[in-house]
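Visitor: Sharing entry.tsv here; it has TSV, C-alpha atoms and all ligand atoms.
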```
chain	number	residue	atom	x	y	z
A	2	MET	CA	0.00	0.00	0.00
A	3	THR	CA	1.38	3.46	-0.90
A	4	ASP	CA	1.62	6.35	1.52
A	5	ILE	CA	-1.13	8.19	-0.34
A	6	GLU	CA	-3.50	5.24	0.09
A	7	ASN	CA	-2.51	5.10	3.70
A	8	ASN	CA	-3.33	8.77	4.12
A	9	GLU	CA	-6.58	8.33	2.24
A	10	ASN	CA	-7.58	5.52	4.56
A	11	LEU	CA	-6.64	7.59	7.57
A	12	ILE	CA	-8.61	10.58	6.32
A	13	ALA	CA	-11.68	8.39	5.70
A	14	GLU	CA	-11.39	6.92	9.22
A	15	ILE	CA	-10.93	10.38	10.75
A	16	GLU	CA	-14.01	11.66	8.89
A	17	ARG	CA	-16.04	8.66	10.10
A	18	LEU	CA	-14.96	9.19	13.72
A	19	LYS	CA	-15.65	12.94	13.48
A	20	LYS	CA	-19.19	12.23	12.33
A	21	ASN	CA	-19.90	9.70	15.07
A	22	LEU	CA	-18.30	11.47	18.03
A	23	ASP	CA	-19.21	14.63	19.94
A	24	VAL	CA	-15.92	16.26	18.99
A	25	THR	CA	-14.48	19.42	17.42
A	26	ILE	CA	-11.01	19.40	15.86
A	27	VAL	CA	-9.10	22.64	16.25
A	28	ALA	CA	-5.82	23.48	14.49
A	29	HIS	CA	-3.43	26.43	14.54
A	30	TYR	CA	-2.15	27.79	11.19
A	31	TYR	CA	1.32	26.32	11.84
A	32	GLN	CA	0.05	22.75	11.71
A	33	ARG	CA	0.91	20.50	8.76
A	34	ASP	CA	-1.44	20.91	5.78
A	35	GLU	CA	-3.09	17.51	6.22
A	36	ILE	CA	-4.08	18.42	9.80
A	37	PHE	CA	-5.04	21.99	8.92
A	38	ASN	CA	-7.31	20.79	6.08
A	39	ILE	CA	-9.24	18.32	8.20
A	40	ALA	CA	-9.83	20.63	11.20
A	41	ASP	CA	-13.24	22.14	12.01
A	42	ILE	CA	-11.78	25.36	13.40
A	43	THR	CA	-8.53	27.08	12.35
A	44	GLY	CA	-7.15	30.49	13.23
A	45	ASP	CA	-4.66	32.53	15.21
A	46	SER	CA	-4.32	32.09	18.98
A	47	LEU	CA	-7.02	34.60	19.86
A	48	GLU	CA	-9.53	33.29	17.32
A	49	LEU	CA	-8.95	29.71	18.45
A	50	ALA	CA	-9.53	30.62	22.12
A	51	LYS	CA	-12.74	32.48	21.26
A	52	ARG	CA	-14.22	30.15	18.63
A	53	THR	CA	-13.53	27.00	20.64
A	54	ALA	CA	-15.53	28.49	23.53
A	55	GLU	CA	-18.51	28.85	21.17
A	56	THR	CA	-18.68	25.13	20.29
A	57	ASN	CA	-21.00	22.76	22.14
A	58	SER	CA	-18.84	19.66	21.67
A	59	LYS	CA	-17.96	17.61	24.72
A	60	PHE	CA	-14.49	16.82	23.34
A	61	ILE	CA	-12.03	19.27	21.80
A	62	ILE	CA	-9.04	17.83	19.98
A	63	PHE	CA	-6.49	20.61	19.89
A	64	CYS	CA	-3.74	20.35	17.28
A	65	GLY	CA	-1.27	22.97	18.41
A	66	VAL	CA	1.04	23.54	21.36
A	67	THR	CA	0.27	22.97	25.04
A	68	PHE	CA	-0.42	26.57	26.07
A	69	MET	CA	-3.23	26.67	23.48
A	70	GLY	CA	-4.89	23.48	24.77
A	71	GLU	CA	-4.49	24.72	28.34
A	72	SER	CA	-6.15	28.06	27.52
A	73	VAL	CA	-9.15	26.23	26.06
A	74	LYS	CA	-9.41	24.01	29.15
A	75	VAL	CA	-9.11	26.97	31.53
A	76	LEU	CA	-11.83	28.91	29.69
A	77	ASN	CA	-14.09	25.87	29.28
A	78	PRO	CA	-13.51	23.59	32.29
A	79	GLU	CA	-16.56	21.50	31.39
A	80	LYS	CA	-15.05	20.49	28.04
A	81	ARG	CA	-12.61	17.62	27.71
A	82	VAL	CA	-9.53	18.84	25.84
A	83	LEU	CA	-7.21	16.30	24.21
A	84	MET	CA	-3.98	16.98	22.34
A	85	PRO	CA	-2.72	14.38	19.83
A	86	LYS	CA	0.83	15.34	20.86
A	87	THR	CA	1.81	17.08	24.06
A	88	ALA	CA	3.86	19.58	22.08
A	89	CYS	CA	5.45	22.48	23.93
A	90	CYS	CA	6.12	26.01	22.71
A	91	ALA	CA	9.81	26.83	23.16
A	92	MET	CA	8.99	30.38	24.25
A	93	ALA	CA	6.35	29.32	26.80
A	94	GLN	CA	8.93	26.92	28.27
A	95	MET	CA	11.29	29.83	29.01
A	96	ILE	CA	9.25	31.04	31.98
A	97	SER	CA	7.81	29.15	34.97
A	98	GLY	CA	5.94	30.41	38.04
A	99	ASP	CA	9.27	30.49	39.90
A	100	TYR	CA	11.00	32.47	37.16
A	101	PHE	CA	8.09	34.91	37.18
A	102	ASP	CA	8.51	35.38	40.96
A	103	LYS	CA	12.26	35.78	40.53
A	104	SER	CA	11.76	38.53	37.94
A	105	ILE	CA	9.55	40.43	40.37
A	106	ALA	CA	12.19	39.99	43.11
A	107	ILE	CA	14.92	41.40	40.80
A	108	LEU	CA	12.76	44.44	40.03
A	109	GLU	CA	12.09	44.97	43.74
A	110	GLN	CA	15.85	44.88	44.41
A	111	ASN	CA	16.11	47.65	41.83
A	112	GLY	CA	13.71	49.92	43.67
A	113	ILE	CA	10.43	48.99	42.00
A	114	ASN	CA	7.49	48.24	44.26
A	115	LYS	CA	5.53	45.12	43.26
A	116	ASN	CA	2.29	47.11	43.66
A	117	ASP	CA	3.47	49.54	40.98
A	118	LEU	CA	3.75	46.74	38.40
A	119	LEU	CA	0.99	45.42	36.18
A	120	PRO	CA	1.97	42.07	34.65
A	121	ILE	CA	0.78	41.19	31.15
A	122	THR	CA	1.54	37.76	29.78
A	123	TYR	CA	1.57	36.82	26.13
A	124	ILE	CA	-0.82	33.88	25.65
A	125	ASN	CA	2.31	31.81	24.82
A	126	SER	CA	2.84	30.92	28.50
A	127	SER	CA	1.77	28.13	30.83
A	128	ALA	CA	-1.46	28.25	32.88
A	129	GLU	CA	0.80	28.51	35.94
A	130	VAL	CA	2.32	31.77	34.67
A	131	LYS	CA	-1.08	33.11	33.56
A	132	GLY	CA	-2.29	32.27	37.08
A	133	ARG	CA	0.54	34.30	38.69
A	134	VAL	CA	-0.30	37.21	36.40
A	135	GLY	CA	-4.04	37.01	37.11
A	136	GLU	CA	-3.45	36.92	40.85
A	137	MET	CA	-1.44	40.16	40.61
A	138	GLY	CA	-4.33	41.89	38.81
A	139	GLY	CA	-2.79	41.40	35.35
A	140	LEU	CA	-4.04	39.98	32.09
A	141	VAL	CA	-3.22	38.04	28.94
A	142	CYS	CA	-2.67	39.32	25.39
A	143	THR	CA	-2.07	37.72	22.01
A	144	SER	CA	-0.08	38.99	19.06
A	145	SER	CA	-3.25	40.39	17.49
A	146	ASN	CA	-4.37	42.48	20.47
A	147	ALA	CA	-1.08	43.24	22.30
A	148	HIS	CA	-1.20	46.95	21.38
A	149	LYS	CA	-4.74	47.30	22.70
A	150	ILE	CA	-4.12	45.33	25.90
A	151	ILE	CA	-0.90	47.19	26.72
A	152	THR	CA	-2.65	50.53	26.10
A	153	HIS	CA	-5.34	49.40	28.52
A	154	GLY	CA	-2.70	48.28	31.05
A	155	LEU	CA	-0.83	51.58	30.91
A	156	ALA	CA	-4.04	53.44	31.80
A	157	SER	CA	-3.64	51.95	35.30
A	158	GLY	CA	-0.63	54.28	35.73
A	159	LYS	CA	1.60	51.28	36.53
A	160	LYS	CA	4.69	50.00	34.79
A	161	ILE	CA	4.04	46.96	32.61
A	162	LEU	CA	5.96	43.74	33.27
A	163	PHE	CA	5.59	41.94	29.95
A	164	VAL	CA	6.32	38.18	29.86
A	165	PRO	CA	7.69	36.04	28.28
A	166	ASP	CA	8.36	37.53	24.80
A	167	ARG	CA	11.01	40.24	24.88
A	168	CYS	CA	10.54	40.94	21.15
A	169	LEU	CA	6.76	41.42	21.22
A	170	GLY	CA	7.05	43.67	24.29
A	171	GLN	CA	9.83	45.78	22.78
A	172	ASN	CA	8.10	45.99	19.41
A	173	ILE	CA	4.91	47.34	20.97
A	174	ALA	CA	6.92	49.77	23.15
A	175	HIS	CA	8.67	51.05	20.02
A	176	GLN	CA	5.34	51.44	18.12
A	177	MET	CA	3.92	53.42	21.04
A	178	GLY	CA	7.04	55.56	21.55
A	179	LEU	CA	7.57	54.13	25.05
A	180	LYS	CA	10.75	53.24	26.95
A	181	SER	CA	11.46	49.55	27.48
A	182	SER	CA	14.10	47.40	29.13
A	183	VAL	CA	14.75	43.68	29.58
A	184	VAL	CA	14.86	41.73	32.83
A	185	SER	CA	16.84	38.50	32.83
A	186	ILE	CA	16.73	36.05	35.72
A	187	PHE	CA	20.40	35.33	34.97
A	188	ASP	CA	21.43	38.89	35.82
A	189	GLY	CA	21.67	38.01	39.52
A	190	ASP	CA	22.27	41.02	41.78
A	191	LYS	CA	23.43	43.28	38.94
A	192	LYS	CA	21.88	46.76	39.35
A	193	ASN	CA	20.02	48.12	36.35
A	194	ASN	CA	18.86	51.75	36.36
A	195	GLU	CA	16.93	51.23	33.12
A	196	TYR	CA	14.05	49.51	34.93
A	197	LEU	CA	13.08	52.67	36.83
A	198	ASN	CA	12.95	54.68	33.59
A	199	SER	CA	10.98	52.10	31.61
A	200	ASP	CA	7.28	52.04	30.83
A	201	ILE	CA	7.48	48.38	29.81
A	202	ILE	CA	9.90	45.88	31.34
A	203	CYS	CA	10.16	42.75	29.20
A	204	TYR	CA	11.13	39.29	30.37
A	205	ASP	CA	14.01	37.86	28.34
A	206	GLY	CA	12.12	35.12	26.44
A	207	PHE	CA	11.87	34.67	22.69
A	208	CYS	CA	10.63	32.41	19.92
A	209	SER	CA	13.43	30.33	18.43
A	210	VAL	CA	11.59	30.11	15.10
A	211	HIS	CA	11.00	33.86	14.66
A	212	GLN	CA	14.61	34.58	15.70
A	213	LEU	CA	15.61	32.99	12.38
A	214	PHE	CA	14.54	36.08	10.40
A	215	SER	CA	17.20	38.74	10.09
A	216	ILE	CA	17.84	42.14	8.60
A	217	ASP	CA	20.12	40.37	6.07
A	218	ASP	CA	17.09	38.42	4.80
A	219	ILE	CA	15.20	41.69	4.34
A	220	ASN	CA	18.15	43.27	2.51
A	221	PHE	CA	18.46	40.20	0.29
A	222	TYR	CA	14.81	40.43	-0.83
A	223	ARG	CA	14.84	44.22	-1.18
A	224	GLU	CA	17.85	43.92	-3.51
A	225	LYS	CA	16.22	41.11	-5.51
A	226	PHE	CA	12.88	42.90	-6.04
A	227	ASN	CA	12.86	46.67	-5.67
A	228	ASN	CA	9.10	46.81	-4.96
A	229	ILE	CA	8.84	43.85	-2.56
A	230	LYS	CA	6.75	44.14	0.62
A	231	ILE	CA	8.06	42.62	3.83
A	232	ALA	CA	5.44	41.28	6.28
A	233	VAL	CA	6.47	39.79	9.61
A	234	HIS	CA	5.09	38.41	12.87
A	235	PRO	CA	5.70	40.62	15.96
A	236	GLU	CA	7.70	37.81	17.60
A	237	CYS	CA	10.54	38.76	15.22
A	238	ASP	CA	13.46	40.78	16.54
A	239	PRO	CA	12.87	44.58	16.69
A	240	SER	CA	15.59	45.09	14.03
A	241	VAL	CA	13.45	43.04	11.63
A	242	VAL	CA	10.09	44.50	12.65
A	243	ASN	CA	11.40	48.07	12.35
A	244	ASN	CA	12.34	47.41	8.72
A	245	ALA	CA	9.15	45.64	7.66
A	246	ASP	CA	6.19	47.09	5.75
A	247	PHE	CA	3.61	45.19	7.79
A	248	VAL	CA	3.59	43.52	11.23
A	249	GLY	CA	0.77	41.30	12.42
A	250	SER	CA	-0.48	38.07	13.95
A	251	THR	CA	-0.86	35.00	11.77
A	252	SER	CA	-4.44	35.94	10.78
A	253	GLN	CA	-3.46	39.54	10.18
A	254	LEU	CA	-0.57	38.39	7.94
A	255	ILE	CA	-2.97	36.27	5.88
A	256	LYS	CA	-5.38	39.20	5.47
A	257	TYR	CA	-2.53	41.52	4.50
A	258	VAL	CA	-1.13	39.14	1.86
A	259	ASN	CA	-4.64	38.52	0.46
A	260	SER	CA	-5.21	42.26	0.17
A	261	LEU	CA	-2.17	42.72	-2.12
A	262	PRO	CA	-2.47	42.74	-5.94
A	263	ILE	CA	-1.70	39.29	-7.35
A	264	ASP	CA	1.60	40.43	-8.95
A	265	GLN	CA	2.86	42.23	-5.81
A	266	PRO	CA	5.85	40.30	-4.40
A	267	VAL	CA	5.82	39.84	-0.63
A	268	ALA	CA	8.29	38.05	1.69
A	269	VAL	CA	6.69	36.80	4.88
A	270	GLY	CA	8.51	36.25	8.18
A	271	THR	CA	6.62	33.58	10.05
A	272	GLU	CA	6.32	29.79	10.25
A	273	TYR	CA	6.84	27.83	7.03
A	274	ASN	CA	3.58	25.83	6.83
A	275	LEU	CA	1.53	29.02	6.93
A	276	VAL	CA	3.67	30.89	4.38
A	277	ASN	CA	3.70	27.88	2.09
A	278	ARG	CA	-0.12	27.95	2.01
A	279	MET	CA	0.07	31.51	0.65
A	280	ARG	CA	1.91	30.41	-2.50
A	281	GLU	CA	-0.92	31.21	-4.91
A	282	LYS	CA	0.09	34.81	-4.24
A	283	ASN	CA	3.54	36.16	-5.21
A	284	THR	CA	4.85	35.08	-1.81
A	285	TYR	CA	8.34	34.21	-0.51
A	286	VAL	CA	9.59	32.83	2.79
A	287	LEU	CA	11.71	35.56	4.43
A	288	SER	CA	14.56	33.18	5.20
A	289	SER	CA	17.25	31.09	3.60
A	290	THR	CA	16.32	28.26	5.98
A	291	LYS	CA	12.96	26.49	6.44
A	292	PRO	CA	11.48	28.19	9.52
A	293	GLN	CA	9.38	25.35	10.90
A	294	CYS	CA	8.10	25.26	14.46
A	295	PRO	CA	9.37	21.79	15.43
A	296	THR	CA	6.70	20.94	17.97
A	297	MET	CA	3.80	22.32	15.92
A	298	ASN	CA	4.98	19.97	13.20
A	299	GLU	CA	4.90	16.94	15.49
A	300	THR	CA	1.20	16.17	15.05
A	301	THR	CA	0.48	13.69	12.24
A	302	LEU	CA	-2.75	12.34	10.77
A	303	TYR	CA	-2.05	9.08	12.53
A	304	ASP	CA	-1.78	10.88	15.90
A	305	LEU	CA	-5.08	12.58	15.23
A	306	TYR	CA	-6.68	9.28	14.26
A	307	LYS	CA	-5.39	7.58	17.45
A	308	THR	CA	-6.76	10.39	19.60
A	309	LEU	CA	-10.22	10.14	18.00
A	310	LYS	CA	-10.12	6.36	18.32
A	311	SER	CA	-9.27	6.65	22.03
A	312	ILE	CA	-12.54	8.57	22.49
A	313	GLU	CA	-14.47	5.95	20.54
A	314	ASP	CA	-12.87	3.22	22.66
A	315	GLY	CA	-13.92	5.05	25.84
A	316	GLU	CA	-10.33	5.66	26.98
A	317	PRO	CA	-9.42	9.20	25.87
A	318	PHE	CA	-5.71	9.98	26.16
A	319	TYR	CA	-3.39	13.01	26.31
A	320	GLU	CA	-6.07	14.94	28.13
A	321	ILE	CA	-5.23	18.46	29.31
A	322	ASN	CA	-5.87	19.14	32.99
A	323	VAL	CA	-4.87	22.27	34.86
A	324	ASP	CA	-4.52	22.47	38.66
A	325	GLN	CA	-7.35	24.35	40.37
A	326	GLU	CA	-5.34	27.29	41.71
A	327	SER	CA	-3.63	28.09	38.39
A	328	SER	CA	-6.87	27.52	36.54
A	329	LYS	CA	-8.83	29.93	38.74
A	330	TRP	CA	-6.43	32.86	38.23
A	331	ALA	CA	-5.48	32.03	34.65
A	332	LYS	CA	-9.18	32.13	33.75
A	333	ILE	CA	-9.48	35.58	35.30
A	334	ALA	CA	-6.40	36.80	33.36
A	335	LEU	CA	-7.78	35.37	30.09
A	336	GLU	CA	-11.27	36.76	30.70
A	337	ARG	CA	-9.86	40.23	31.41
A	338	MET	CA	-8.36	40.10	27.90
A	339	LEU	CA	-11.55	38.77	26.28
A	340	ASN	CA	-13.64	41.47	27.96
A	341	ILE	CA	-11.40	44.18	26.51
A	342	ASN	CA	-11.64	42.64	23.04
A	401	LIG	P1	-0.66	33.94	16.56
A	401	LIG	O1	-1.47	34.36	17.73
A	401	LIG	O2	-0.30	35.08	15.67
A	401	LIG	O3	-1.36	32.83	15.83
A	401	LIG	O4	0.76	33.41	17.06
A	401	LIG	C1	0.94	32.25	17.78
A	401	LIG	C2	2.33	31.84	17.77
A	401	LIG	O5	2.73	30.98	18.50
A	401	LIG	C3	3.24	32.49	16.85
A	401	LIG	O6	4.50	31.92	16.97
A	402	LIG	FE1	6.09	28.87	20.25
A	402	LIG	FE2	7.60	29.98	18.36
A	402	LIG	FE3	6.39	27.67	17.89
A	402	LIG	FE4	4.97	29.94	18.07
A	402	LIG	S1	6.49	29.40	16.51
A	402	LIG	S2	4.47	27.97	19.00
A	402	LIG	S3	6.14	31.02	19.69
A	402	LIG	S4	8.01	28.05	19.42
```
Reformat the file's structure so that it appears as structure tokens.
Ligand code: 13P
Ligand code: SF4
Guide:
Amino acid sequence: MTDIENNENLIAEIERLKKNLDVTIVAHYYQRDEIFNIADITGDSLELAKRTAETNSKFIIFCGVTFMGESVKVLNPEKRVLMPKTACCAMAQMISGDYFDKSIAILEQNGINKNDLLPITYINSSAEVKGRVGEMGGLVCTSSNAHKIITHGLASGKKILFVPDRCLGQNIAHQMGLKSSVVSIFDGDKKNNEYLNSDIICYDGFCSVHQLFSIDDINFYREKFNNIKIAVHPECDPSVVNNADFVGSTSQLIKYVNSLPIDQPVAVGTEYNLVNRMREKNTYVLSSTKPQCPTMNETTLYDLYKTLKSIEDGEPFYEINVDQESSKWAKIALERMLNIN
């Protein structure tokens, strides 16, 4: 039997199970095409969190990374959320509850009162970190609403502690003409006067995939096509974002590329699977390497099939559960964001 036949059989089985079970399949744009095409709901992080909440299905199969499945579970505790692969986001892994506490302690040592800080966490963080943020009165943002949420946060008159993505925090600070600095838990007792003068203090996390895009890649494409547009995700380094024509979340990048005339060349700086799906336009990947998110790419059709089958067999596996304390505060932090949207 060829691979294609194998895939065809798998797809037929997945379709049969989907029809017979009380289940919704959700996939982020960075998933492989075969997963993306068979999903019931696709979108960027914010859309997935919102649209999944609107479904009535008992089971959600989330094809993405763990923080996404956790966010769905936290917002919909009555739903059973399964992930075909327990895939982690490299950026979300860079901060834990302890590292969050340590960052606050470093800022306190530098003369900043904890009560004068409003924490905002990018949705790419664990439920534990979202819980810490919620408990301190803070909230969540995604790449599509970060500007709005930070504007809202600044109205409190407090400094923003933005975790875990240094690039997203600094990019928004730059857009808003605000001062920013970076807190690293590896700085130890080193004094840093920049914190006191900053409106936004960013934790030193980053996305290993979006770090692959560089100013050299932009220069390369600008030399090759004098009219090319450069569109990038805000997880890219500020040097890249500051030289792009458009910055936006995955959904916003799709809308931007679709809005361009068919013959307009555009180089896009985000994950490969998504950019590759834009090929019917005059689209290039803004990199000399293949910028794939390794863990997003883990989920295969066979994994999805096995997860559906486990529900049919009455023994669902890879279920997402979040401890009660984190869940309580993470839900508050997520709902604060959704209420602003
Ligand atoms: P979006 O919210 O833009 O989909 O981004 C999620 C993500 O992980 C990007 O790396
Ligand atoms: Fe996380 Fe980066 Fe992968 Fe997005 S692309 S899920 S930020 S590792």
Visitor: Between A:Lys291, A:Arg337, A:Lys307, A:Lys115, which one has atoms that come closest to A:Ile62, using all atoms listed in the file?
Guide: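 Answer, going by the shortest atom-to-atom distance: A:Lys307.
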Visitor: Around ligand LIG 401 (chain A), out to 7 Å and counting only C-alpha atoms and all ligand atoms, which residues are there? I want them as a ChimeraX atom specification.
Guide: /A:29-30,44-47,125,143-145,208,234,236,250-252
Visitor: Enter the distance from atom CA of A:Met92 to atom CA of A:Arg280, in Å, rounded to one decimal.
Guide: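 About the pair atom CA of A:Met92 and atom CA of A:Arg280: they are 27.7 Å apart.
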Visitor: Return the single residue from A:Ala147, A:Leu254, A:Leu76, A:Ala40 that is closest to A:Glu55, with distances computed using only C-alpha atoms.
Guide: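 Residue with the minimum atom-to-atom distance to A:Glu55: A:Leu76.
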Visitor: List all protein, DNA and RNA residues that have at least one atom no more than 6 Å from any atom of ligand LIG 402 (chain A), counting only C-alpha atoms and all ligand atoms, and write them as a list of chain:residue names.
Guide: A:Cys90, A:Ala91, A:Met92, A:Cys208, A:Ser209, A:Val210, A:Cys294
Visitor: Excluding A:Met137 and its own-chain neighbours fewer than 5 positions away, which residues fall within 9 Å of it when counting all atoms listed in the file? Please give them as a list in words.
Guide: Lys115, Asn116, Leu118, Leu119, Pro120 and Gly132 of chain A
Visitor: Save out the residues we just selected, C-alpha atoms, as a tab-separated table (two decimals), in the frame of the given file.
Guide:
```tsv
chain	number	residue	atom	x	y	z
A	115	LYS	CA	5.53	45.12	43.26
A	116	ASN	CA	2.29	47.11	43.66
A	118	LEU	CA	3.75	46.74	38.40
A	119	LEU	CA	0.99	45.42	36.18
A	120	PRO	CA	1.97	42.07	34.65
A	132	GLY	CA	-2.29	32.27	37.08
```
Visitor: Name the closest residue to A:Lys256 among the candidates A:Lys282, A:Asn243, A:Glu136, A:Asn10; distances are taken between atoms, counting all atoms listed in the file.
Guide: A:Lys282
